[in-house]
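Undergrad: Take a look at the following structure, please.
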Amino acid sequence: MLLSVRSLLLCLLLSALLAGAASAEDGAINAADNAWVLMSAALVLIMIPGVGLFYGGMVRKKNAISTIIFSFAVMSIISLQWILYGYTLVFGKDIGGLIGGLDFLGLAGVGMGVKEGLTIPSLTFMIFQAMFAIITVSLITGSYVERIKFSSFLVFSLAWATLVYDPVAHWVWGGGWLQQMGALDFAGGIVVHITAGVSAMAVAMVIGVRKGFGTDPMEPHNIPTTVMGAALLWFGWFGFNAGSALAANGIAANAFVTTNTSAAAAATTWMLLSWRHRAPSALGIVTGAVAGLAAITPAAGYVTPLAAIPIGIVAAIAGYYAIILVRGSGRVDDSLDVLACHGIGSTWGVLATGIFATIGASGLLAGNAHQVLVQLLAIAVTWGYSFVVTFGLARIIDAVMGLRVRDDEESVGLDISQHGEGAYM
Amino acid sequence: MLLSVRSLLLCLLLSALLAGAASAEDGAINAADNAWVLMSAALVLIMIPGVGLFYGGMVRKKNAISTIIFSFAVMSIISLQWILYGYTLVFGKDIGGLIGGLDFLGLAGVGMGVKEGLTIPSLTFMIFQAMFAIITVSLITGSYVERIKFSSFLVFSLAWATLVYDPVAHWVWGGGWLQQMGALDFAGGIVVHITAGVSAMAVAMVIGVRKGFGTDPMEPHNIPTTVMGAALLWFGWFGFNAGSALAANGIAANAFVTTNTSAAAAATTWMLLSWRHRAPSALGIVTGAVAGLAAITPAAGYVTPLAAIPIGIVAAIAGYYAIILVRGSGRVDDSLDVLACHGIGSTWGVLATGIFATIGASGLLAGNAHQVLVQLLAIAVTWGYSFVVTFGLARIIDAVMGLRVRDDEESVGLDISQHGEGAYM
Amino acid sequence: MLLSVRSLLLCLLLSALLAGAASAEDGAINAADNAWVLMSAALVLIMIPGVGLFYGGMVRKKNAISTIIFSFAVMSIISLQWILYGYTLVFGKDIGGLIGGLDFLGLAGVGMGVKEGLTIPSLTFMIFQAMFAIITVSLITGSYVERIKFSSFLVFSLAWATLVYDPVAHWVWGGGWLQQMGALDFAGGIVVHITAGVSAMAVAMVIGVRKGFGTDPMEPHNIPTTVMGAALLWFGWFGFNAGSALAANGIAANAFVTTNTSAAAAATTWMLLSWRHRAPSALGIVTGAVAGLAAITPAAGYVTPLAAIPIGIVAAIAGYYAIILVRGSGRVDDSLDVLACHGIGSTWGVLATGIFATIGASGLLAGNAHQVLVQLLAIAVTWGYSFVVTFGLARIIDAVMGLRVRDDEESVGLDISQHGEGAYM
Amino acid sequence: MWGMMKKIEAIIRPEKLHLLREKLDMKGFSGMTVTEVKGRGRQKGITLQWRAGDYRVEFLQKMKLEMVVEDRDVECVIDLICEFAQTGEAGDGKIFVHPVEDVVRVRTKERGCGAV
Amino acid sequence: MWGMMKKIEAIIRPEKLHLLREKLDMKGFSGMTVTEVKGRGRQKGITLQWRAGDYRVEFLQKMKLEMVVEDRDVECVIDLICEFAQTGEAGDGKIFVHPVEDVVRVRTKERGCGAV
Amino acid sequence: MWGMMKKIEAIIRPEKLHLLREKLDMKGFSGMTVTEVKGRGRQKGITLQWRAGDYRVEFLQKMKLEMVVEDRDVECVIDLICEFAQTGEAGDGKIFVHPVEDVVRVRTKERGCGAV
Ligand SMILES: Nc1ncnc2c1ncn2[C@@H]1O[C@H](COP(=O)(O)OP(=O)(O)O)[C@@H](O)[C@H]1O
Ligand SMILES: Nc1ncnc2c1ncn2[C@@H]1O[C@H](COP(=O)(O)OP(=O)(O)O)[C@@H](O)[C@H]1O
Ligand SMILES: Nc1ncnc2c1ncn2[C@@H]1O[C@H](COP(=O)(O)OP(=O)(O)O)[C@@H](O)[C@H]1O
């Protein structure tokens, strides 16, 4: 049995290696759509180091490299995971609504020819989707910075992509049961931001709080770097959301506009909230933008530009108070507020999609109350699944190899202890 | 009366909220042009935080966050201003050549269907134009850094966009009187750079010089950050200028090339000028590039690549000596030389358009001396209007709420005093 | 004679200045391809300051500006060189297989009309190619940082572009003898990375080691900046490689995927190698990515995505040990390992193209052993030519004007001594 | 006033600063000045990684803590530092005690013990 | 040479440095060394903003100014510092006066007063 | 213990640090603490370039080297510093010698000469 799987694999690999991509059927490819989606993929890619910089500026100096390189490392390993087997688990022929088959293992049959039902090459679709898998994994890193063992981080990331991202992405986008039920998720509110946010919380609970949490100042060491990261996120998010139209059409234009609008509304709202508290915080403005972007993601192509304003405003309010609540508890250290920004923001966004959808789908305000229920179900299931699997996974890794660095390694900082490097000299 | 305007507004908003964007007439949309302009819009967006970084590296460390976040805040509030009423003031049905009507209030009627006279959706055109409004406001911030009150900055920015940008943009691009007269401004020399540069000077005059100006060293605290910002500007400017062709055609290619050429020529020239003075300054090279980019903006699609060389060279020379002149006067503190780089650079560019235009329009060298006069008129009017209105506006804000922070707040730095944050720890 | 050449030049310049670009024959232009290649050109442009940041973070603080501004200066002067005469030397009518004629001097005849044999305007093709010339020159800067005289750097860069880049680019892409022989180089393995890497070594040999090399610590002063640079490189490389399809087709999609895959494989491999040695180095991860990108460049459009995995892995191994070898010798100071990363990486890539090519060309595994020989010949010739000419050129410049700054200038740092500036205050 | 005040200059591990500050604060020693410094001693430099292979950095991050205290408090402060900045490994740091001749509070021009 | 020179070590607000330097310069005190430090004392730390809510930083930016001067100039320098670095609010800083046993100019190996 | 140890505080050019450290190390002086400082003296500030034109910075980068050594080693260390940190131009720096009253090793609480 094992042997035959192996030889099958070998066959597939070799054939893909030599000719897989050569079976082009360029006939139906629309060059404009192809250009659009490829460029969008590039835009999403730059978000990944963008996450690294965004997070990296917010940790202490001694963990700057460690935090920034997480995203780069994720970009490296998940790129490989995806082409080897991640893509097929998500987009292979549906198996019982739960997972994709191994049809596309090692990109077998994923070539330059047009992707069925679309106007772009299969490879274009595949690589655009790859970026989503990568960035989702990189978002989680914000919760366990400054204390995770690098080796455990790698194992966790690979396993999480396989056990959480791939199934959920299949359910929602790969023909799985949530898609069959009609759950709406334009660009990854459920698939990307809820999974990442909730899992971040789970792993934070397992790994424990940072040494000195609540007593030592955990000051953001370089806010300009964080702003730079946020800028790359806003920029790349156009590829993320508008690219998800998978064609350079009016829907793409609409998604582009809603994305910008929600980010702006949320940034403005967060600024005002921090001002009420004390002063308009720069960290607050960029955090608001990210929360607004996370919230509009599931809705981007389904709602009008004006609907993006309440979506952004509520995301900021929810995110702001979620941070205060979580940090206030003092018990769990989701260090860079991944749950609050992404999980909460996008939970609202997924719900809001059920409320405001008017383009290519109908939500509550368009008279379709049922959609809200479907959205709520999708939210509940994704929260539950992400939390439980991630919690278990983190516990197992902790038991087997230890999630956390030693105390003195944490004190000295992960840059020195995990990488043998120092960020600034 | 008031009531009826309100209910009208409400109606418009609601209809836009629910269906506004749904009236798609995809028929005439060219996907390639749509992809091109949307990507160009994304490129212009990244220029906005680019301005923040470019400026942020040139101020003192204690004002780093404050300076960088200006652009991010502008991106947030003007995004909203634009979709709510800015766009319609510029591109609504012309009223007496002076301003646009309220047809598109709250994006009413601005949907996924093709924009009249173009091959892209109205929403695509709208959001591309949004980026121009935003960046113009963010350029001005360079003149009053290190001393403005954050609240006054917000009020000023909103009011300025409404009272200066929107009218002038209408005159030149929205069917207003300057456009009717045939003034040429390919991508915003008049609309963006002259208005920003001249207004920067006006507000600098009202707000007064920084404490210690002329005695304390006002050293640029992080030149790599400034270079990074300049890099994003050069990059994004391709979207700015070549995107302004509004189609992926030969004009776009030409504008792309002239943009690159002028930037290169001006950067080289500025380098040589600073070398003559002492040594080739890095700050000079990037400043030269920006001056060259500002200068080619009005001309980009109208002139040949070789014509971009003299345009860039003269822009650098003019900008260089303008800085020396303005700073030498010691009386006004346009802190980051917005007038010299953008105002002067682009004034020359607008004039040069009248001289060198040969593509889709004729300038002096192509035998049309009249164009030079039109350009001069446009320059004069824009200088005058921008200066007077901005000066008045700044005075009013100063009287009502105070433009400037307190003395001790300025000493301590705006990061701490206005935002309760520190850039580097 | 001289006079007539001059007047010819003048004529050409004037005509180009006034009308050159106006002879548009838009008929055959494909807007999607045009958008694709122009956007790709923008992506390659952002790589150039990306190189600056990548390198700039790895030098000592006192040379940060100097190192970063090299790339910006190259971007300025080579942009001009290229439109004035570089482009025609490469793509002008072939003269004996060795160099292009002067047909396109000063962009004469390079307009908005379609480029023969392609679907994009000549100007689009020209500016896309410009970016390659620029970045190649900027890659070399890594070898002589922290000690070169700025004036000599400028002269060297201009001369090198003319004497090495332009001929080799003509041989491989401009219809020259290597192209006629069928050498495969999809996006610049030979033209860009081998020439840059080998020349870097040659100039490092002439200029000599840095003061204190082997005794003083030469610590990378800002690793986050280097990661930021690497991120821009990975991002822009999609334009570099996928843009080289010169159309938004399936080949572009394939090149996009192979590019990402090789970068990921090499980054992962390098990480593991440094881990074996001690710990997973962040600098190692980003260096691996760059080596993987350099290696896939010649192969990107010719091989399948899975073939990119071994290409990346071997590039990382070769690069890793090449660095250890070169640095271990202690005799030559290729300061930022340009030979190891680009030269060695891409030499393997060019060879690998001859082995793995299956798309639009056949390599060894597809039964065409001959291709390997052609590739080997191209490698040998390019190594030899680049080394000899660059070595000679560097020696001449050294003799005439001195390549190196004075000892005390080197001690104080190039930022102060060459530019009169300080990076951080 | 000679001899009545001392400057305690302690070089410690950076990661020990926060705990130590807290403990000092508790005992009423709240005035202090800290500087980021680099040091070497028994604990030699550190080997950091280049892209491939290593390079040596001869200095390590340390934190210098300066406190001017009255004579009678010197031993107490020394004890606190030794207690809370210790790991037992080479590199824990040193304490130097220096004479102080005078102290002035800038704000009030008060002098001597009352000024700290 | 003992007792003939003193080191004046002043911790001041960073924003006061430029003015003070100018005034010292005018009086002929142009030799000095400054260091960025962080301090706390009467003026406790500061509360900075996180994305939502606050965190405390226990140390504030200060500037340490060190000048070695002859005995007879000590009072004059102290007066200048107190005059030009004062705001009247807690946190203005301290001046510490230390004995110096010897001074050497690296360039010439001159010793004592002539070396500064 | 008074008088048995001294603190040598040298302000030198940053680029001289590595060579000097090596030479000191060779002679067995391996304990030291360095700080990045800015200074001015005979060598006045420096003129840096703005985008067009100049601005003055009144302070130059220097490195402060602090070593606590036994009395009998003071001259030797001073000689080494003067030898290896010299260029002959203004700005080479100064050496200040301060009394040290006590030295404690944090790790072991050893005191005096044995602690350095
Ligand atoms: N002689 C000295 N003079 C000044 N500083 C010293 C001296 N010796 C050590 N230091 C400082 O103390 C720190 C710790 O000293 P080290 O000898 O490494 O550890 P330990 O005190 O545990 O033996 C050094 O990094 C250095 O900053
Ligand atoms: N005992 C001390 N030892 C060393 N430095 C001190 C001491 N007390 C205060 N400082 C320094 O002086 C600065 C100002 O002191 P503080 O007590 O806050 O203000 P004030 O002198 O106005 O009462 C502090 O930030 C700290 O750097
Ligand atoms: N009186 C002083 N007190 C403290 N530091 C000083 C004094 N004079 C000079 N320095 C420090 O020594 C450095 C070199 O001094 P300078 O007078 O410029 O050179 P030189 O010693 O060669 O005459 C200065 O930059 C400053 O840091």
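Starting from 1 in every chain, residues are counted up; chains themselves are A, B, ... following the order of the structure tokens, and ligands are numbered from 1 as listed.
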Kindly compile the residues surrounding ligand 1 within 6 Å, counting only C-alpha atoms and all ligand atoms, and format them as a ChimeraX atom specification.
TA: /D:11,38-43,90-94 /F:31-33,66-69,105,107,116
Undergrad: I need the chain A residues near chain E as number ranges by chain; criterion: at most 10 Å, counting only C-alpha atoms.
TA: A: 58, 214-220, 270-271, 273-274, 277-288, 319-325, 327-328, 336-337
Undergrad: For the residues selected in the previous step, produce a file with C-alpha atoms as a PDB file, in the first residue's frame.
TA:
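Contents of the output file selection-v4.pdb:
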ATOM      1  CA  MET A  58       5.502  46.292  17.691  1.00  0.00           C
ATOM      2  CA  GLY A 214       1.644  42.816  32.771  1.00  0.00           C
ATOM      3  CA  THR A 215       4.663  44.079  34.690  1.00  0.00           C
ATOM      4  CA  ASP A 216       7.492  44.853  32.264  1.00  0.00           C
ATOM      5  CA  PRO A 217       6.794  47.372  29.546  1.00  0.00           C
ATOM      6  CA  MET A 218       6.311  45.562  26.242  1.00  0.00           C
ATOM      7  CA  GLU A 219       6.966  48.582  24.162  1.00  0.00           C
ATOM      8  CA  PRO A 220       6.689  48.684  20.369  1.00  0.00           C
ATOM      9  CA  TRP A 270     -10.062  53.946  15.733  1.00  0.00           C
ATOM     10  CA  MET A 271      -8.292  57.283  15.737  1.00  0.00           C
ATOM     11  CA  LEU A 273     -11.648  56.135  19.932  1.00  0.00           C
ATOM     12  CA  SER A 274      -8.049  56.470  21.042  1.00  0.00           C
ATOM     13  CA  HIS A 277      -9.251  57.875  25.647  1.00  0.00           C
ATOM     14  CA  ARG A 278      -6.305  60.235  25.418  1.00  0.00           C
ATOM     15  CA  ALA A 279      -4.804  61.200  22.073  1.00  0.00           C
ATOM     16  CA  PRO A 280      -5.062  60.091  18.455  1.00  0.00           C
ATOM     17  CA  SER A 281      -2.709  57.154  18.398  1.00  0.00           C
ATOM     18  CA  ALA A 282      -0.686  56.413  15.279  1.00  0.00           C
ATOM     19  CA  LEU A 283      -0.570  52.775  16.221  1.00  0.00           C
ATOM     20  CA  GLY A 284      -4.326  53.024  16.584  1.00  0.00           C
ATOM     21  CA  ILE A 285      -4.822  54.512  13.143  1.00  0.00           C
ATOM     22  CA  VAL A 286      -2.912  51.782  11.377  1.00  0.00           C
ATOM     23  CA  THR A 287      -4.486  49.091  13.527  1.00  0.00           C
ATOM     24  CA  GLY A 288      -7.887  50.463  12.650  1.00  0.00           C
ATOM     25  CA  GLY A 319     -11.627  45.579  17.596  1.00  0.00           C
ATOM     26  CA  TYR A 320     -10.788  48.413  19.948  1.00  0.00           C
ATOM     27  CA  TYR A 321     -12.840  47.105  22.815  1.00  0.00           C
ATOM     28  CA  ALA A 322     -11.849  43.525  22.113  1.00  0.00           C
ATOM     29  CA  ILE A 323      -8.223  44.489  22.680  1.00  0.00           C
ATOM     30  CA  ILE A 324      -9.057  46.206  25.932  1.00  0.00           C
ATOM     31  CA  LEU A 325     -11.070  43.201  27.044  1.00  0.00           C
ATOM     32  CA  ARG A 327      -5.531  42.504  27.509  1.00  0.00           C
ATOM     33  CA  GLY A 328      -7.526  43.535  30.525  1.00  0.00           C
ATOM     34  CA  LEU A 336      -0.230  41.479  18.808  1.00  0.00           C
ATOM     35  CA  ASP A 337      -3.996  41.241  19.108  1.00  0.00           C
TER      36      ASP A 337
END
Undergrad: For chain B, work out the contacting residues on chain A at 7 Å, counting only C-alpha atoms, and write them as an MDAnalysis selection string.
TA: chainID A and resid 32:33 36 221:224 231 235 238 248:251 253:254 257 261 264:265 267:268 279:282 304 306:307 358:359
Undergrad: Restricting the output to C-alpha atoms, write the selected residues as a JSON list (two decimals), in the first residue's frame.
TA:
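Written output follows (selection21.json):
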[["chain", "number", "residue", "atom", "x", "y", "z"],
["A", 32, "ALA", "CA", -6.46, 41.06, -19.21],
["A", 33, "ASP", "CA", -7.89, 38.85, -16.51],
["A", 36, "TRP", "CA", -5.03, 41.28, -13.35],
["A", 221, "HIS", "CA", 10.28, 49.32, 19.42],
["A", 222, "ASN", "CA", 9.88, 50.88, 16.00],
["A", 223, "ILE", "CA", 6.55, 52.39, 15.05],
["A", 224, "PRO", "CA", 7.69, 53.67, 11.64],
["A", 231, "ALA", "CA", 1.09, 50.60, 4.23],
["A", 235, "PHE", "CA", -1.65, 48.40, -0.79],
["A", 238, "PHE", "CA", -6.35, 45.61, -3.26],
["A", 248, "ALA", "CA", -10.70, 42.65, -14.31],
["A", 249, "ASN", "CA", -14.39, 43.46, -14.29],
["A", 250, "GLY", "CA", -16.81, 45.76, -12.54],
["A", 251, "ILE", "CA", -16.89, 43.55, -9.47],
["A", 253, "ALA", "CA", -13.64, 47.79, -9.32],
["A", 254, "ASN", "CA", -16.33, 47.63, -6.71],
["A", 257, "VAL", "CA", -13.52, 50.75, -3.68],
["A", 261, "THR", "CA", -13.50, 52.76, 2.06],
["A", 264, "ALA", "CA", -10.49, 54.53, 5.78],
["A", 265, "ALA", "CA", -13.63, 54.40, 7.90],
["A", 267, "ALA", "CA", -8.83, 53.95, 10.66],
["A", 268, "THR", "CA", -10.75, 57.16, 11.28],
["A", 279, "ALA", "CA", -4.80, 61.20, 22.07],
["A", 280, "PRO", "CA", -5.06, 60.09, 18.45],
["A", 281, "SER", "CA", -2.71, 57.15, 18.40],
["A", 282, "ALA", "CA", -0.69, 56.41, 15.28],
["A", 304, "THR", "CA", -21.76, 48.79, -2.21],
["A", 306, "LEU", "CA", -21.30, 53.15, 1.06],
["A", 307, "ALA", "CA", -22.05, 49.94, 2.93],
["A", 358, "THR", "CA", -26.67, 43.41, -2.80],
["A", 359, "ILE", "CA", -24.30, 42.64, -5.61]]
Undergrad: Restricting the calculation to only C-alpha atoms, which member of F:Ile46, F:Val34, F:Leu24, F:Ile81 is positioned closest to chain D?
TA: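 Of F:Ile46, F:Val34, F:Leu24, F:Ile81, the one nearest chain D, counting only C-alpha atoms, is F:Val34.
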Undergrad: Using only C-alpha atoms, select each residue of chain F with any atom at most 12 Å away from an atom of chain E, and give the selection as a PyMOL selection string.
TA: chain F and resi 3+5-13+16+34-45+56-64+71+74-75+77-101
Undergrad: Would you pick out the contacts of Phe91 of chain B at 6 Å or less, using only C-alpha atoms, so that residues sharing its chain but fewer than 2 positions from it are not included, and give the list as a list of chain:residue names?
TA: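 Residues meeting the cut-off are B:Tyr87, B:Thr88, B:Leu89, B:Gly100, B:Gly174.
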Undergrad: Do you know which residues are at most 12 Å from Asp334 of chain C counting only C-alpha atoms, after dropping those on the same chain fewer than 6 positions away, and could you put them as a ChimeraX atom specification?
TA: /C:139-147,196-210,213,322-328,340-343
